[in-house]
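J.: The structure is given below, and queries will be raised subsequently.
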Amino acid sequence: MPKVFIRTYGCQMNERDSAQVAQMLRERGYGMTEAEAEADVVLINTCSVRDQAEQKALNKMASLQHLRKTRPHLVYGFMGCMAQSRGDELLDAGADLVVGTQKYHRVADYVAEIFKARSEARMDDLRTAIVDTDEEEGSQNTIRDGAAAPGAAAAFVSIMQGCNMKCSFCIVPYTRGSERGRPIAEIVAEVRGLAEGGVREVTLLGQIVNLYGRHEFPAVDGKSPFVQLLERVAAVDGIERVRFTSPHPVGYKQDLIEAFGRIPELCEHVHFPLQSGSDKILKAMRRPYKAAKFEELCARMRAVRPDIAITTDIIVGFPGEGDAEYRETRDLCERLRFDNAFVFRYSKRRGTPAAEMDDSLQLPERVKEERNQDLLKVVDRICSEKNDALVGTRQQVLCEGPSKRKADRLAGRTRTNKLVIFEGDRERLTGQLLDIDIDLCTGHVLYGKVARAEPAARPAAQRLATAG
Ligand code: SF4
């Protein structure tokens, strides 16, 4: 059985796409491996959002080229955003296969084609290559087979592809195309299949997930297509938790805010990208909202769910960000008290409008780094304070299995998406909702002891009350 090694960089959507490709390859008789040296196919799923991610993917491909010497039949492939944006120039980086973001479902065919071409070719003609970065109508519907690792308690579900927002720093609209939503019924069917396989938590994925279906499906009873979808997914038997990522402040309406108060399965956590606390920089980023609007939306969510955890993304060092603009971002972080934040230094992405901005607006790396470190201190302090406050409380945790860092312990997440480490029987507790008494916090991580394991199913009455 030929073996496939897949390495994924970037966001949860990429992880979901890789899982789908792995599933399709398994169905075609391939096995997956974590050992590069025994692979017959190496696939690197790439991210173009930051330069660092692109460099990592290129370095990984370069570092694996030596395998060709002992395994000349080996097929190397790039998939995803960098594959989409760079296309056939990646053949020079060692790839035999370059597959764009709308062609994941073709990977298995292309791998087979390359193997076949090679078996029919002379032994010195091993560099048969395929590049496919074309658009394909309906490609959003191909990421759909409920790919979850065997025994997984949580899974990602891709509900849409693309983005129409065109933020000036972002490559995604150019690599993932325009917004395309999958039909609600197909998504619900996928979630049902996941639940039947033991999944209890699903995270709905989209680049601007709250705008799901705005071009395809009508609002019903004042509810957007996304809120209708949340209700339907939450009502699936066996699904205890629903999350989504990432929403955009534009189109974040009251029907969604109220959903946090009335859909019990909808976890009280939102990852809500701010990007900057300065209106001047938001405008330059082409983010069509003001900092005050973002603050107001957070306040409205907290009014409905006072215990909601809000995390965010922030870019520091965007072109034109002076001390005053940075200070506005820092002050807003102090006021909003995010549960956590990913802080990024701005890096030019070729092909984006921000990359064309005047050189005089670009900031030195030293300034970006100082602001990055300074803001991380603010974020980490607030994160620790919030997590410290949970010591002594009892939290519901979905046990996801062994901890990645400490394999002799178990790991899971609270409804607010905080990581909890605890001891227990792996076989018995994985996939279970547990009550954990939190007794320690080390900044970002909570530790605790199992107080109680909940029965697997929710009461029927609660389920009926949430069916949309
Ligand atoms: S909303 Fe902006 S940052 Fe997010 S994917 Fe779309 S263009 Fe990129």
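Naming works like this for the structure tokens: A, B, ... for the chains as they're shown, residue 1 at the start of each chain, ligands 1 onward in shown order.
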Using only C-alpha atoms and all ligand atoms, which protein or nucleic acid residues are at most 6 Å from ligand 1, as a JSON list (two decimals) with N, CA and C atoms, in the first residue's frame?
T.:
```
[["chain", "number", "residue", "atom", "x", "y", "z"],
["A", 163, "CYS", "N", -13.73, 34.58, 0.06],
["A", 163, "CYS", "CA", -14.02, 35.79, 0.83],
["A", 163, "CYS", "C", -14.11, 36.96, -0.14],
["A", 165, "MET", "N", -14.16, 40.18, 0.99],
["A", 165, "MET", "CA", -13.89, 41.42, 1.72],
["A", 165, "MET", "C", -12.69, 42.19, 1.21],
["A", 166, "LYS", "N", -11.66, 41.51, 0.76],
["A", 166, "LYS", "CA", -10.48, 42.18, 0.20],
["A", 166, "LYS", "C", -9.79, 43.15, 1.17],
["A", 167, "CYS", "N", -9.53, 42.68, 2.39],
["A", 167, "CYS", "CA", -8.70, 43.45, 3.31],
["A", 167, "CYS", "C", -7.34, 43.66, 2.63],
["A", 170, "CYS", "N", -4.43, 41.08, 2.94],
["A", 170, "CYS", "CA", -4.76, 39.65, 2.93],
["A", 170, "CYS", "C", -4.72, 39.06, 1.52],
["A", 172, "VAL", "N", -5.98, 36.02, 0.92],
["A", 172, "VAL", "CA", -7.02, 34.99, 0.82],
["A", 172, "VAL", "C", -8.01, 35.22, -0.34],
["A", 173, "PRO", "N", -8.52, 36.44, -0.55],
["A", 173, "PRO", "CA", -9.48, 36.60, -1.66],
["A", 173, "PRO", "C", -8.87, 36.22, -3.00],
["A", 207, "GLN", "N", -14.04, 31.68, 5.95],
["A", 207, "GLN", "CA", -13.19, 32.87, 6.09],
["A", 207, "GLN", "C", -13.94, 34.02, 6.74],
["A", 208, "ILE", "N", -15.21, 34.16, 6.41],
["A", 208, "ILE", "CA", -16.06, 35.15, 7.09],
["A", 208, "ILE", "C", -17.37, 34.41, 7.39]]
```
J.: Please report, as a PyMOL selection string, each residue of region 183-309 of chain A to which DSSP assigns strand (DSSP E) when run on this structure's backbone.
T.: chain A and resi 201-205+241-245+269-271+309
J.: Would you please work out which residue, of A:Val445, A:Val270, A:Ile263, A:Ala341, is nearest to Val233 (chain A) when using only C-alpha atoms?
T.: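 The shortest atom-to-atom distance to Val233 (chain A) comes from A:Ile263.
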J.: Dump as JSON lines the rows for residues of region 346-385 of chain A within 12 Å of region 319-322 of chain A: closest atom pair and distance in Å with one decimal, only C-alpha atoms counted, ordered by chain and rising residue number.
T.:
```
{"residue": "A:Tyr346", "atom": "CA", "partner": "A:Pro319", "partner_atom": "CA", "distance": 8.1}
{"residue": "A:Ser347", "atom": "CA", "partner": "A:Pro319", "partner_atom": "CA", "distance": 9.6}
{"residue": "A:Lys348", "atom": "CA", "partner": "A:Pro319", "partner_atom": "CA", "distance": 9.5}
{"residue": "A:Pro353", "atom": "CA", "partner": "A:Pro319", "partner_atom": "CA", "distance": 11.2}
{"residue": "A:Ala354", "atom": "CA", "partner": "A:Pro319", "partner_atom": "CA", "distance": 7.6}
{"residue": "A:Ala355", "atom": "CA", "partner": "A:Pro319", "partner_atom": "CA", "distance": 9.0}
{"residue": "A:Glu356", "atom": "CA", "partner": "A:Pro319", "partner_atom": "CA", "distance": 10.2}
{"residue": "A:Met357", "atom": "CA", "partner": "A:Pro319", "partner_atom": "CA", "distance": 7.3}
{"residue": "A:Asp358", "atom": "CA", "partner": "A:Pro319", "partner_atom": "CA", "distance": 8.3}
{"residue": "A:Asp359", "atom": "CA", "partner": "A:Pro319", "partner_atom": "CA", "distance": 8.5}
{"residue": "A:Ser360", "atom": "CA", "partner": "A:Gly320", "partner_atom": "CA", "distance": 8.3}
{"residue": "A:Leu361", "atom": "CA", "partner": "A:Gly320", "partner_atom": "CA", "distance": 4.7}
{"residue": "A:Gln362", "atom": "CA", "partner": "A:Pro319", "partner_atom": "CA", "distance": 4.6}
{"residue": "A:Leu363", "atom": "CA", "partner": "A:Pro319", "partner_atom": "CA", "distance": 6.3}
{"residue": "A:Pro364", "atom": "CA", "partner": "A:Pro319", "partner_atom": "CA", "distance": 9.9}
{"residue": "A:Glu365", "atom": "CA", "partner": "A:Pro319", "partner_atom": "CA", "distance": 11.5}
{"residue": "A:Val367", "atom": "CA", "partner": "A:Gly322", "partner_atom": "CA", "distance": 9.9}
{"residue": "A:Lys368", "atom": "CA", "partner": "A:Glu321", "partner_atom": "CA", "distance": 9.7}
{"residue": "A:Arg371", "atom": "CA", "partner": "A:Glu321", "partner_atom": "CA", "distance": 10.6}
```
J.: Would you put the residues from that selection into a file with C-alpha atoms, as a compact mmCIF listing (two decimals), in the first residue's frame?
T.:
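Generated file (result_14.txt):
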```txt
# COMPACT_ATOMS: atom_id res chain seq x y z
CA TYR A 346 2.76 42.93 9.55
CA SER A 347 4.61 41.34 6.65
CA LYS A 348 4.16 42.25 3.00
CA PRO A 353 -2.80 46.22 -2.01
CA ALA A 354 -0.86 46.84 1.22
CA ALA A 355 2.31 45.51 -0.40
CA GLU A 356 2.07 48.38 -2.90
CA MET A 357 1.83 51.07 -0.22
CA ASP A 358 4.49 53.75 -0.25
CA ASP A 359 7.83 52.65 1.16
CA SER A 360 7.81 55.69 3.44
CA LEU A 361 4.84 54.14 5.28
CA GLN A 362 6.62 50.84 5.98
CA LEU A 363 7.91 50.37 9.51
CA PRO A 364 11.33 49.06 10.51
CA GLU A 365 11.34 45.45 11.72
CA VAL A 367 9.59 48.80 15.68
CA LYS A 368 7.26 45.97 14.67
CA ARG A 371 5.19 46.54 19.47
```
J.: If you count only C-alpha atoms, which residues fall within 9 Å of region 102-117 of chain A, apart from same-chain ones fewer than 4 positions away, as a PyMOL selection string?
T.: chain A and resi 17-18+20-21+24-25+28+41+73-75+77+79-80+84+96-97+121+126-130+132-140+142-143+161+176-177
J.: Using the chain letters and numbers from this document, which residues of region 240-312 of chain A does DSSP assign to alpha helix (DSSP H), as a list in words?
T.: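 In region 240-312 of chain A, DSSP puts these residues in alpha helix (DSSP H): Gln254, Asp255, Leu256, Ile257, Glu258, Ala259, Phe260, Gly261, Arg262, Asp279, Lys280, Ile281, Leu282, Lys283, Ala284, Ala291, Ala292, Lys293, Phe294, Glu295, Glu296, Leu297, Cys298, Ala299, Arg300, Met301, Arg302, Ala303 and Val304 of chain A.
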J.: Find the residues of region 374-445 of chain A that sit at most 12 Å from region 238-247 of chain A; for each, write down the nearest two atoms and how far apart they are in Å, to one decimal. Count only C-alpha atoms. Sort by chain, then by number going up, and give it as a tab-separated table.
T.:
```
residue	atom	partner	partner_atom	distance
A:Gln396	CA	A:Arg241	CA	11.1
A:Val397	CA	A:Arg241	CA	10.7
A:Leu398	CA	A:Arg241	CA	9.1
A:Arg413	CA	A:Arg241	CA	11.0
A:Thr414	CA	A:Arg241	CA	10.4
A:Arg415	CA	A:Arg241	CA	7.8
A:Thr416	CA	A:Arg243	CA	9.8
A:Asn417	CA	A:Arg243	CA	9.4
A:Gly431	CA	A:Glu240	CA	10.9
A:Gln432	CA	A:Glu240	CA	10.4
A:Leu433	CA	A:Glu240	CA	8.8
```
J.: Include N, CA and C atoms and write out the residues we just selected as a PDB file, in the first residue's frame.
T.:
```pdb
ATOM      1  N   GLN A 396     -16.969  22.501  32.576  1.00  0.00           N
ATOM      2  CA  GLN A 396     -17.279  21.374  31.699  1.00  0.00           C
ATOM      3  C   GLN A 396     -16.185  21.279  30.631  1.00  0.00           C
ATOM      4  N   VAL A 397     -15.619  20.087  30.489  1.00  0.00           N
ATOM      5  CA  VAL A 397     -14.511  19.885  29.544  1.00  0.00           C
ATOM      6  C   VAL A 397     -14.851  18.698  28.641  1.00  0.00           C
ATOM      7  N   LEU A 398     -14.622  18.868  27.346  1.00  0.00           N
ATOM      8  CA  LEU A 398     -14.746  17.729  26.428  1.00  0.00           C
ATOM      9  C   LEU A 398     -13.368  17.090  26.294  1.00  0.00           C
ATOM     10  N   ARG A 413     -11.015  20.821  26.281  1.00  0.00           N
ATOM     11  CA  ARG A 413     -11.276  22.259  26.289  1.00  0.00           C
ATOM     12  C   ARG A 413     -12.581  22.570  27.009  1.00  0.00           C
ATOM     13  N   THR A 414     -12.562  23.713  27.666  1.00  0.00           N
ATOM     14  CA  THR A 414     -13.794  24.194  28.281  1.00  0.00           C
ATOM     15  C   THR A 414     -14.708  24.708  27.176  1.00  0.00           C
ATOM     16  N   ARG A 415     -15.926  25.035  27.540  1.00  0.00           N
ATOM     17  CA  ARG A 415     -16.817  25.627  26.538  1.00  0.00           C
ATOM     18  C   ARG A 415     -16.244  26.952  26.036  1.00  0.00           C
ATOM     19  N   THR A 416     -15.439  27.608  26.877  1.00  0.00           N
ATOM     20  CA  THR A 416     -14.830  28.873  26.471  1.00  0.00           C
ATOM     21  C   THR A 416     -13.513  28.656  25.718  1.00  0.00           C
ATOM     22  N   ASN A 417     -13.241  27.409  25.355  1.00  0.00           N
ATOM     23  CA  ASN A 417     -12.090  27.034  24.518  1.00  0.00           C
ATOM     24  C   ASN A 417     -10.751  27.142  25.237  1.00  0.00           C
ATOM     25  N   GLY A 431     -13.652  11.562  24.559  1.00  0.00           N
ATOM     26  CA  GLY A 431     -14.956  11.771  23.942  1.00  0.00           C
ATOM     27  C   GLY A 431     -16.058  12.084  24.931  1.00  0.00           C
ATOM     28  N   GLN A 432     -15.735  12.067  26.227  1.00  0.00           N
ATOM     29  CA  GLN A 432     -16.755  12.327  27.253  1.00  0.00           C
ATOM     30  C   GLN A 432     -16.747  13.803  27.671  1.00  0.00           C
ATOM     31  N   LEU A 433     -17.924  14.274  28.016  1.00  0.00           N
ATOM     32  CA  LEU A 433     -18.019  15.586  28.668  1.00  0.00           C
ATOM     33  C   LEU A 433     -17.808  15.369  30.151  1.00  0.00           C
TER      34      LEU A 433
END
```
J.: Would you compute the distance between CA of Cys441 (chain A) and CA of Arg405 (chain A)? Give it in Å to one decimal.
T.: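 So the two atoms, CA of Cys441 (chain A) and CA of Arg405 (chain A), lie 15.9 Å apart.
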